[in-house]
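So this one's target-v4.cif, mmCIF, C-alpha atoms and all ligand atoms:
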data_start
loop_
_atom_site.label_atom_id
_atom_site.label_comp_id
_atom_site.auth_asym_id
_atom_site.auth_seq_id
_atom_site.Cartn_x
_atom_site.Cartn_y
_atom_site.Cartn_z
CA MET A 1 0.88 -10.89 -0.81
CA SER A 2 4.38 -9.89 -1.57
CA GLU A 3 4.63 -6.42 -0.18
CA GLU A 4 2.83 -4.36 2.42
CA ILE A 5 1.48 -0.94 1.67
CA SER A 6 3.09 1.65 3.91
CA LEU A 7 0.76 3.22 6.45
CA ASP A 8 3.28 5.78 7.60
CA LEU A 9 1.68 8.86 6.08
CA ASP A 10 4.31 11.31 7.30
CA ALA A 11 7.18 9.33 5.82
CA SER A 12 5.29 8.88 2.59
CA LEU A 13 4.54 12.63 2.43
CA ALA A 14 8.17 13.55 3.08
CA ARG A 15 9.37 11.15 0.39
CA SER A 16 6.83 12.38 -2.16
CA THR A 17 7.62 16.01 -1.42
CA ALA A 18 11.33 15.49 -2.03
CA ARG A 19 10.68 13.39 -5.11
CA SER A 20 8.27 15.98 -6.53
CA LEU A 21 11.09 18.53 -6.59
CA GLU A 22 13.33 16.14 -8.53
CA ILE A 23 10.52 15.38 -10.96
CA GLU A 24 9.93 19.09 -11.59
CA ALA A 25 13.58 19.41 -12.58
CA GLU A 26 13.35 16.37 -14.90
CA LEU A 27 10.16 17.76 -16.40
CA ALA A 28 11.76 21.05 -17.25
CA LYS A 29 14.55 19.17 -19.02
CA ASP A 30 12.55 16.56 -20.88
CA PRO A 31 8.74 16.68 -20.70
CA SER A 32 8.45 13.88 -23.27
CA LYS A 33 9.48 11.29 -20.65
CA PHE A 34 6.19 11.75 -18.84
CA ARG A 35 2.55 10.99 -19.30
CA ILE A 36 0.19 12.61 -16.82
CA LEU A 37 -3.18 11.30 -15.73
CA THR A 38 -5.34 13.44 -13.47
CA GLY A 39 -9.02 13.67 -12.82
CA ASP A 40 -11.95 14.91 -10.82
CA ARG A 41 -15.28 13.52 -9.76
CA PRO A 42 -18.14 15.37 -11.47
CA THR A 43 -19.95 16.15 -8.22
CA GLY A 44 -20.29 19.92 -8.57
CA ASN A 45 -18.83 23.00 -10.20
CA LEU A 46 -15.14 23.67 -9.72
CA HIS A 47 -14.27 26.52 -7.38
CA ILE A 48 -11.31 28.84 -7.07
CA GLY A 49 -9.75 26.49 -4.50
CA HIS A 50 -9.58 23.84 -7.24
CA TYR A 51 -8.21 26.44 -9.62
CA PHE A 52 -5.24 27.42 -7.45
CA GLY A 53 -4.81 23.95 -5.91
CA SER A 54 -4.71 21.88 -9.07
CA LEU A 55 -6.10 23.34 -12.31
CA GLU A 56 -3.47 26.02 -12.66
CA ASN A 57 -0.78 23.40 -12.15
CA ARG A 58 -2.26 21.10 -14.81
CA VAL A 59 -2.43 23.95 -17.28
CA ARG A 60 1.24 24.73 -16.62
CA LEU A 61 2.34 21.11 -17.06
CA ALA A 62 0.37 20.60 -20.26
CA ALA A 63 1.77 23.88 -21.62
CA GLN A 64 5.26 22.65 -20.79
CA GLY A 65 4.63 19.85 -23.25
CA VAL A 66 3.79 16.90 -21.00
CA GLU A 67 1.22 14.58 -22.54
CA THR A 68 -1.86 14.98 -20.37
CA MET A 69 -4.94 12.80 -19.91
CA VAL A 70 -7.78 14.24 -17.83
CA LEU A 71 -10.41 11.91 -16.45
CA ILE A 72 -13.91 13.01 -15.57
CA ALA A 73 -14.42 10.23 -13.04
CA ASP A 74 -18.14 9.62 -13.42
CA TYR A 75 -18.19 6.10 -11.95
CA GLN A 76 -16.43 7.45 -8.87
CA VAL A 77 -19.45 9.69 -8.19
CA ILE A 78 -21.48 6.69 -7.02
CA THR A 79 -18.98 5.49 -4.41
CA ASP A 80 -20.65 7.41 -1.60
CA ARG A 81 -24.12 8.49 -2.74
CA ASP A 82 -27.40 6.93 -3.74
CA GLY A 83 -27.82 8.34 -7.20
CA VAL A 84 -25.87 9.94 -9.99
CA GLY A 85 -27.38 13.42 -9.47
CA PRO A 86 -27.48 15.79 -12.44
CA ILE A 87 -24.53 13.92 -13.92
CA ARG A 88 -24.73 15.04 -17.53
CA GLU A 89 -24.87 18.70 -16.57
CA ARG A 90 -21.94 18.27 -14.20
CA VAL A 91 -19.76 16.46 -16.71
CA TYR A 92 -20.20 19.27 -19.22
CA SER A 93 -19.69 21.90 -16.54
CA LEU A 94 -16.38 20.28 -15.57
CA LEU A 95 -15.33 20.12 -19.19
CA ALA A 96 -16.10 23.83 -19.59
CA ASP A 97 -14.15 24.63 -16.39
CA TYR A 98 -11.09 22.74 -17.70
CA LEU A 99 -11.03 24.47 -21.05
CA ALA A 100 -11.84 27.90 -19.64
CA ALA A 101 -8.98 27.53 -17.16
CA GLY A 102 -6.62 27.08 -20.07
CA LEU A 103 -6.23 23.37 -20.87
CA ASP A 104 -5.58 23.26 -24.59
CA GLU A 105 -8.25 21.17 -26.30
CA GLU A 106 -5.85 20.27 -29.09
CA LYS A 107 -3.32 18.85 -26.67
CA VAL A 108 -5.10 17.21 -23.76
CA THR A 109 -7.31 14.14 -23.84
CA ILE A 110 -10.43 14.59 -21.71
CA PHE A 111 -12.61 11.52 -21.19
CA THR A 112 -15.11 9.81 -18.87
CA HIS A 113 -14.91 6.44 -17.10
CA SER A 114 -18.23 5.19 -18.36
CA ALA A 115 -17.26 5.55 -22.03
CA VAL A 116 -14.12 3.40 -21.75
CA PRO A 117 -15.07 -0.26 -21.13
CA ALA A 118 -11.52 -1.65 -21.33
CA LEU A 119 -10.38 0.67 -18.54
CA ASN A 120 -13.10 -0.67 -16.29
CA GLN A 121 -12.29 -4.26 -17.17
CA LEU A 122 -8.83 -3.84 -15.65
CA MET A 123 -10.64 -3.81 -12.29
CA LEU A 124 -10.99 -7.61 -12.45
CA PRO A 125 -7.34 -8.70 -12.59
CA PHE A 126 -6.42 -5.78 -10.31
CA LEU A 127 -8.94 -6.83 -7.66
CA SER A 128 -7.36 -10.27 -7.65
CA VAL A 129 -4.03 -8.92 -6.43
CA VAL A 130 -5.30 -6.92 -3.43
CA THR A 131 -6.67 -8.15 -0.12
CA ASP A 132 -9.77 -6.88 1.62
CA ALA A 133 -7.68 -6.15 4.75
CA GLU A 134 -5.43 -3.87 2.75
CA LEU A 135 -8.41 -2.00 1.31
CA ARG A 136 -10.01 -1.61 4.73
CA ARG A 137 -6.81 -0.04 6.07
CA ASN A 138 -6.65 2.67 3.36
CA PRO A 139 -6.64 5.92 5.38
CA THR A 140 -8.32 7.99 2.66
CA VAL A 141 -11.16 5.48 2.27
CA LYS A 142 -11.53 5.49 6.06
CA ALA A 143 -11.70 9.29 6.22
CA GLU A 144 -14.18 9.47 3.36
CA THR A 145 -16.37 6.81 4.94
CA ASP A 146 -16.34 8.69 8.26
CA ASP A 147 -17.51 11.78 6.38
CA THR A 148 -20.57 9.94 5.11
CA GLY A 149 -21.77 9.32 8.68
CA ASP A 150 -23.73 6.14 9.34
CA ARG A 151 -24.06 5.26 5.71
CA PRO A 152 -22.86 1.67 5.19
CA MET A 153 -19.76 1.44 3.00
CA SER A 154 -20.53 0.27 -0.51
CA GLY A 155 -18.40 -2.33 -2.25
CA LEU A 156 -17.46 0.33 -4.77
CA MET A 157 -16.28 2.67 -2.02
CA LEU A 158 -14.07 -0.04 -0.56
CA THR A 159 -12.58 -0.90 -3.93
CA TYR A 160 -12.38 2.53 -5.53
CA PRO A 161 -8.60 2.80 -4.96
CA VAL A 162 -8.34 -0.23 -7.24
CA HIS A 163 -10.52 1.45 -9.81
CA GLN A 164 -8.32 4.50 -9.51
CA ALA A 165 -5.29 2.31 -10.16
CA ALA A 166 -7.01 1.28 -13.39
CA ASP A 167 -7.51 4.98 -14.22
CA ILE A 168 -3.80 5.56 -13.92
CA LEU A 169 -2.45 2.32 -15.34
CA PHE A 170 -4.75 1.89 -18.35
CA CYS A 171 -2.84 4.66 -20.09
CA LYS A 172 0.49 3.77 -18.46
CA ALA A 173 0.71 7.19 -16.87
CA ASN A 174 3.91 7.64 -14.90
CA LEU A 175 3.00 10.92 -13.25
CA VAL A 176 -0.09 11.84 -11.24
CA PRO A 177 -0.45 15.40 -9.89
CA VAL A 178 -2.37 15.03 -6.62
CA GLY A 179 -2.95 16.50 -3.20
CA LYS A 180 -1.58 14.60 -0.24
CA ASP A 181 -4.91 12.89 0.53
CA GLN A 182 -4.43 10.86 -2.65
CA LEU A 183 -0.97 9.50 -1.76
CA PRO A 184 -2.29 6.19 -0.33
CA HIS A 185 -4.09 5.58 -3.65
CA LEU A 186 -0.92 6.13 -5.59
CA GLU A 187 0.93 3.70 -3.42
CA GLN A 188 -1.87 1.21 -3.99
CA ALA A 189 -1.54 1.72 -7.75
CA ARG A 190 2.22 1.05 -7.59
CA VAL A 191 1.65 -2.10 -5.56
CA ILE A 192 -0.96 -3.31 -8.06
CA ALA A 193 1.36 -2.64 -11.00
CA ARG A 194 4.15 -4.60 -9.32
CA ARG A 195 2.01 -7.50 -8.17
CA PHE A 196 0.35 -7.80 -11.57
CA ASP A 197 3.74 -8.40 -13.10
CA GLU A 198 4.84 -10.78 -10.38
CA ARG A 199 1.74 -12.87 -10.73
CA TYR A 200 0.76 -12.62 -14.37
CA GLY A 201 3.83 -11.03 -15.94
CA ARG A 202 4.71 -11.90 -19.49
CA ALA A 203 6.86 -14.98 -19.91
CA ASP A 204 9.49 -12.91 -21.70
CA ALA A 205 9.19 -10.32 -18.95
CA SER A 206 12.00 -8.02 -19.88
CA THR A 207 9.63 -5.06 -19.55
CA PRO A 208 6.75 -5.01 -17.11
CA VAL A 209 3.26 -4.40 -18.49
CA PHE A 210 2.79 -1.36 -16.24
CA PRO A 211 5.13 1.46 -15.24
CA SER A 212 5.35 2.56 -11.61
CA PRO A 213 3.39 5.82 -11.35
CA GLU A 214 4.67 8.63 -9.16
CA ALA A 215 2.88 11.48 -7.39
CA LEU A 216 3.57 15.07 -8.22
CA LEU A 217 2.38 16.86 -5.12
CA SER A 218 0.31 19.96 -5.70
CA LYS A 219 -0.17 22.64 -3.09
CA SER A 220 -3.82 21.71 -2.62
CA GLY A 221 -5.74 23.35 0.18
CA THR A 222 -3.92 26.68 0.09
CA VAL A 223 -7.19 28.52 -0.38
CA LEU A 224 -9.72 28.10 2.42
CA GLY A 225 -13.44 28.75 2.23
CA LEU A 226 -15.03 32.11 3.04
CA ASP A 227 -15.48 31.04 6.67
CA GLY A 228 -11.80 30.11 7.07
CA THR A 229 -12.43 26.34 6.97
CA LYS A 230 -11.73 23.94 4.09
CA MET A 231 -13.32 25.16 0.87
CA SER A 232 -16.06 22.70 0.05
CA LYS A 233 -19.31 22.91 -1.85
CA SER A 234 -21.18 21.10 0.89
CA LYS A 235 -20.22 23.86 3.33
CA ASN A 236 -21.54 26.61 1.08
CA ASN A 237 -18.31 28.57 1.47
CA THR A 238 -16.97 28.46 -2.08
CA ILE A 239 -16.58 30.86 -4.98
CA GLU A 240 -17.14 28.87 -8.15
CA ILE A 241 -15.04 29.54 -11.22
CA GLY A 242 -18.20 30.07 -13.27
CA MET A 243 -19.89 32.58 -10.92
CA THR A 244 -20.54 36.16 -12.02
CA ALA A 245 -18.66 39.18 -10.67
CA ASP A 246 -21.78 40.20 -8.73
CA GLU A 247 -22.22 36.79 -7.15
CA THR A 248 -18.55 36.86 -6.18
CA ALA A 249 -18.91 40.32 -4.60
CA LYS A 250 -21.96 39.22 -2.62
CA LEU A 251 -20.23 36.12 -1.30
CA LEU A 252 -17.09 37.99 -0.33
CA LYS A 253 -19.17 40.58 1.51
CA ARG A 254 -20.26 37.88 3.94
CA ALA A 255 -16.82 36.33 4.29
CA VAL A 256 -15.67 35.97 7.90
CA THR A 257 -13.00 38.43 9.15
CA ASP A 258 -12.15 39.56 12.69
CA SER A 259 -12.45 42.70 14.82
CA ASP A 260 -8.88 43.99 14.40
CA ARG A 261 -9.02 46.81 11.83
CA HIS A 262 -5.32 46.61 11.12
CA ILE A 263 -4.85 43.97 8.41
CA THR A 264 -1.87 41.63 8.70
CA PHE A 265 -0.86 38.38 7.05
CA ASP A 266 -0.74 35.94 9.95
CA PRO A 267 -2.19 32.56 8.92
CA VAL A 268 -1.74 30.97 12.35
CA ASN A 269 -3.42 33.62 14.49
CA ARG A 270 -5.73 35.21 11.92
CA PRO A 271 -6.71 32.39 9.54
CA GLU A 272 -9.82 34.04 8.04
CA VAL A 273 -8.22 37.41 7.33
CA SER A 274 -5.01 35.81 6.08
CA ASN A 275 -6.94 33.53 3.77
CA LEU A 276 -8.50 36.54 2.06
CA VAL A 277 -5.13 38.28 1.84
CA ASN A 278 -3.66 35.11 0.35
CA LEU A 279 -6.47 34.85 -2.18
CA ALA A 280 -5.79 38.40 -3.34
CA ALA A 281 -2.07 37.60 -3.51
CA LEU A 282 -2.71 34.52 -5.67
CA CYS A 283 -4.97 36.43 -8.03
CA LEU A 284 -2.58 39.36 -8.34
CA ASP A 285 0.56 37.22 -8.26
CA ARG A 286 1.93 39.36 -5.45
CA ASP A 287 3.38 38.87 -1.99
CA PRO A 288 0.66 38.53 0.71
CA VAL A 289 2.64 40.48 3.33
CA GLU A 290 2.90 43.42 0.98
CA ILE A 291 -0.82 43.30 0.24
CA ALA A 292 -1.65 43.29 3.96
CA GLU A 293 0.62 46.32 4.45
CA GLN A 294 -1.06 48.11 1.59
CA ILE A 295 -4.49 47.65 3.19
CA GLY A 296 -3.13 48.58 6.61
CA ASP A 297 -5.91 50.16 8.69
CA GLY A 298 -8.48 49.71 5.94
CA GLY A 299 -10.13 46.95 7.99
CA GLY A 300 -12.31 44.11 6.79
CA GLY A 301 -14.09 46.44 4.38
CA GLY A 302 -10.87 47.50 2.67
CA LEU A 303 -9.67 43.93 2.53
CA LYS A 304 -12.88 42.66 0.98
CA LYS A 305 -12.93 45.42 -1.58
CA LEU A 306 -9.41 44.55 -2.69
CA VAL A 307 -10.03 40.78 -2.78
CA THR A 308 -13.25 41.19 -4.72
CA GLU A 309 -11.53 43.28 -7.37
CA ALA A 310 -8.59 40.90 -7.53
CA VAL A 311 -10.75 37.77 -7.92
CA ASN A 312 -13.06 39.37 -10.46
CA GLU A 313 -10.19 40.70 -12.53
CA LYS A 314 -8.27 37.41 -12.48
CA PHE A 315 -11.31 35.34 -13.42
CA ALA A 316 -12.95 37.75 -15.88
CA PRO A 317 -11.27 36.26 -19.00
CA ILE A 318 -11.75 32.71 -17.71
CA ARG A 319 -15.43 33.39 -17.06
CA ALA A 320 -15.91 34.99 -20.45
CA ARG A 321 -14.35 32.00 -22.14
CA ARG A 322 -16.45 29.65 -20.03
CA ALA A 323 -19.65 31.41 -21.11
CA GLU A 324 -18.63 31.02 -24.76
CA LEU A 325 -17.88 27.33 -24.28
CA VAL A 326 -21.15 26.62 -22.55
CA ALA A 327 -23.03 28.36 -25.36
CA ASP A 328 -21.62 25.92 -27.91
CA HIS A 329 -22.77 22.59 -26.56
CA GLY A 330 -22.12 20.78 -29.83
CA HIS A 331 -18.46 21.66 -29.63
CA LEU A 332 -18.15 20.35 -26.07
CA ARG A 333 -19.92 17.14 -27.05
CA ASP A 334 -17.60 16.59 -30.03
CA LEU A 335 -14.56 17.26 -27.91
CA LEU A 336 -15.61 14.71 -25.30
CA ALA A 337 -16.38 12.18 -28.03
CA ARG A 338 -12.88 12.69 -29.43
CA GLY A 339 -11.32 12.32 -25.98
CA ASN A 340 -13.31 9.16 -25.32
CA ALA A 341 -12.32 7.68 -28.68
CA ARG A 342 -8.65 8.29 -27.95
CA ALA A 343 -8.93 6.88 -24.40
CA ASN A 344 -10.63 3.80 -25.84
CA GLU A 345 -7.80 3.24 -28.31
CA ILE A 346 -5.25 3.35 -25.51
CA ALA A 347 -7.36 1.21 -23.16
CA ASP A 348 -8.00 -1.45 -25.81
CA GLN A 349 -4.29 -1.70 -26.48
CA THR A 350 -3.45 -2.06 -22.78
CA LEU A 351 -6.21 -4.59 -22.16
CA SER A 352 -4.94 -6.66 -25.04
CA GLU A 353 -1.45 -6.68 -23.47
CA VAL A 354 -2.98 -7.66 -20.14
CA ARG A 355 -4.97 -10.52 -21.64
CA SER A 356 -1.99 -11.81 -23.50
CA ALA A 357 0.20 -11.62 -20.34
CA MET A 358 -2.54 -13.62 -18.60
CA GLN A 359 -2.72 -16.05 -21.52
CA MET A 360 -6.38 -15.26 -21.95
CA THR A 361 -6.25 -15.08 -25.70
CA TYR A 362 -8.27 -17.78 -27.38
N1 LIG B 401 -10.25 10.67 -6.43
C1 LIG B 401 -9.88 11.87 -7.12
C2 LIG B 401 -10.50 13.05 -6.39
O1 LIG B 401 -11.50 12.91 -5.72
C3 LIG B 401 -10.35 11.87 -8.57
C4 LIG B 401 -9.71 10.79 -9.39
C5 LIG B 401 -10.32 9.71 -9.94
C6 LIG B 401 -8.32 10.69 -9.70
N2 LIG B 401 -9.40 8.93 -10.57
C7 LIG B 401 -8.18 9.50 -10.47
C8 LIG B 401 -7.20 11.46 -9.40
C9 LIG B 401 -6.93 9.07 -10.91
C10 LIG B 401 -5.96 11.05 -9.88
C11 LIG B 401 -5.83 9.85 -10.61
O2 LIG B 401 -9.98 14.14 -6.52
#
Represent the structure from my file as structure tokens, please.
Ligand code: TRP
Amino acid sequence: MSEEISLDLDASLARSTARSLEIEAELAKDPSKFRILTGDRPTGNLHIGHYFGSLENRVRLAAQGVETMVLIADYQVITDRDGVGPIRERVYSLLADYLAAGLDEEKVTIFTHSAVPALNQLMLPFLSVVTDAELRRNPTVKAETDDTGDRPMSGLMLTYPVHQAADILFCKANLVPVGKDQLPHLEQARVIARRFDERYGRADASTPVFPSPEALLSKSGTVLGLDGTKMSKSKNNTIEIGMTADETAKLLKRAVTDSDRHITFDPVNRPEVSNLVNLAALCLDRDPVEIAEQIGDGGGGGLKKLVTEAVNEKFAPIRARRAELVADHGHLRDLLARGNARANEIADQTLSEVRSAMQMTY
């Protein structure tokens, strides 16, 4: 194979961080140069960590005028579990979360893997340009496999970075907003795009079939769970976007704090307290240090009261909109059908270019 994938995560993170700043500047100048592809696995309801880590950013980019494709990655659900779970319910829940958070249904294309055959067919030529050794070295796949304990790795788990390359390249996206755990996948996608052209490129190869997609790093992971560890559904420490104000209040009441009544913003020494202060700051769009000072000697009780109000106020309109969306199932279904039809058009066009580059047109 022509080129090795870099395993130096720190160097890759530093490069992507610097590049993300440049891209932001280019975006502000000319959003029409970019096409964004992002997505989520429909494995549960989105929580406020997702909202501040990625959703809010997507809404901003789409509103800036960048063409945005959002993938509900249903085939990726079965990489590490035995069944599909309540998949239909979860797909629609994700769709409602997206729209309620502010993605404009007239502007973004929302679609699912399973409805776009030509996207999935790209897996075949793409698999031919990667080696099994390279896939086994992927640090994110390794970490995810470790998380699943003794469960043997499925073939789909091993090859999902290749599938994800198809997600990105089928629509020739050149920008992928991701957290840093997804950087190895992006590098894999770039390598696949390059190798495809080296191996199968069009005879008149003045332009490659695929662009080289870049990461736009999002500040994922800034909101921790209610116990001060990573926010994750499996740990039961999340506040979901679609929860009620009462459910939110109940959950925040049992959030972990510490015994010092004087509230400060000190993420290193007081992670749990600072996480709650930060959450309030994000919801109120204010400085966390100032918020901590305002609470002062109010203790954990004062802090929780303020965070609860801040979260419930911030999410009240989003939750109201979500309830309306969920009540009109027909509308959600039509919207997804439209998104899938558009994704199919794009995928069919790309697959036809791929087959003609590979001379598989008979
Ligand atoms: N793996 C991503 C996640 O778990 C979801 C995803 C699937 C994705 N395909 C993608 C993200 C393509 C970006 C681009 O969050």
Within 6 Å of ligand LIG 401 (chain B), counting all atoms listed in the file, residues as a list of chain:residue names
A:Leu37, A:Thr38, A:Gly39, A:Asp40, A:Arg41, A:Ala73, A:Gln164, A:Asp167, A:Ile168
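Near stretch 275-279 of chain A, within a cut-off of 7 Å and counting only C-alpha atoms, sit the residues Val223, Leu224, Gly228, Phe265, Pro271, Glu272, Val273, Ala281, Leu282, Cys283, Pro288, Ile291, Ala292 and Val307 of chain A, with same-chain residues fewer than 2 positions away left out.
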Got a sec: who's within 8 Å of stretch 339-346 of chain A, counting only C-alpha atoms, leaving out chain neighbours fewer than 6 positions off, as an MDAnalysis selection string?
chainID A and resid 109:112 115:119 170:171
Go ahead and save the residues from that selection, with C-alpha atoms, as a PDB file, in the frame of the given file.
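As a result, again-v3.pdb now contains:
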ATOM      1  CA  THR A 109      -7.310  14.140 -23.840  1.00  0.00           C
ATOM      2  CA  ILE A 110     -10.430  14.590 -21.710  1.00  0.00           C
ATOM      3  CA  PHE A 111     -12.610  11.520 -21.190  1.00  0.00           C
ATOM      4  CA  THR A 112     -15.110   9.810 -18.870  1.00  0.00           C
ATOM      5  CA  ALA A 115     -17.260   5.550 -22.030  1.00  0.00           C
ATOM      6  CA  VAL A 116     -14.120   3.400 -21.750  1.00  0.00           C
ATOM      7  CA  PRO A 117     -15.070  -0.260 -21.130  1.00  0.00           C
ATOM      8  CA  ALA A 118     -11.520  -1.650 -21.330  1.00  0.00           C
ATOM      9  CA  LEU A 119     -10.380   0.670 -18.540  1.00  0.00           C
ATOM     10  CA  PHE A 170      -4.750   1.890 -18.350  1.00  0.00           C
ATOM     11  CA  CYS A 171      -2.840   4.660 -20.090  1.00  0.00           C
TER      12      CYS A 171
END
Residue neighbourhood A:Arg254, 10 Å, all atoms listed in the file, exclusion window fewer than 3 positions, as a JSON list (two decimals) with C-alpha atoms, in the coordinates of the input:
[["chain", "number", "residue", "atom", "x", "y", "z"],
["A", 226, "LEU", "CA", -15.03, 32.11, 3.04],
["A", 227, "ASP", "CA", -15.48, 31.04, 6.67],
["A", 237, "ASN", "CA", -18.31, 28.57, 1.47],
["A", 249, "ALA", "CA", -18.91, 40.32, -4.60],
["A", 250, "LYS", "CA", -21.96, 39.22, -2.62],
["A", 251, "LEU", "CA", -20.23, 36.12, -1.30],
["A", 257, "THR", "CA", -13.00, 38.43, 9.15],
["A", 304, "LYS", "CA", -12.88, 42.66, 0.98]]
Interatomic distance (Å, one decimal) between atom CA of A:Leu95 and atom CA of A:Glu324
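Between atom CA of A:Leu95 and atom CA of A:Glu324 the gap works out to 12.7 Å.
Interatomic distance, atom CA of A:Ile72 to atom CA of A:His113: 6.8 Å.
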Measure the distance from atom CA of A:Asp82 to atom CA of A:Gln121 in Å and round it to one decimal.
23.1 Å
Pick from A:Pro139, A:Gly201, A:Met231, A:Arg58, whichever lies nearest to A:Lys180 using only C-alpha atoms:
A:Pro139
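With distances restricted to all atoms listed in the file, A:His163 is the closest residue to A:Asp74 from A:Arg195, A:His163, A:Lys235, A:Lys107.
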Output, as lines of an AutoDock Vina configuration file, the centre and edge lengths in Å (one decimal) of the axis-aligned box that contains all listed atoms of stretch 63-67 of chain A with 4 Å of margin on each side.
center_x = 3.2
center_y = 19.2
center_z = -22.0
size_x = 12.0
size_y = 17.3
size_z = 10.5
Identify, on the basis of only C-alpha atoms, every residue whose closest approach to A:Tyr92 does not exceed 12 Å; exclude the query and any residue fewer than 2 positions from it along the same chain; express the result as a ChimeraX atom specification.
/A:42-46,72,74,86-90,94-99,110-112,322,325-337
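Remark: for A:Thr207, the closest of the candidate residues A:Ser234, A:Glu353, A:Tyr51, A:Glu56 is A:Glu353 (distances computed over only C-alpha atoms).
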Would you mind telling me which residue in A:Leu156, A:Val66, A:Ala166, A:Ala11 lies nearest to A:Thr350 when using all atoms listed in the file?
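Using all atoms listed in the file, A:Thr350 sits closest to A:Ala166.
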Nearest-residue call for A:Ser128, choices A:Leu186, A:Leu217, A:Val311, A:Ile192, using only C-alpha atoms
A:Ile192
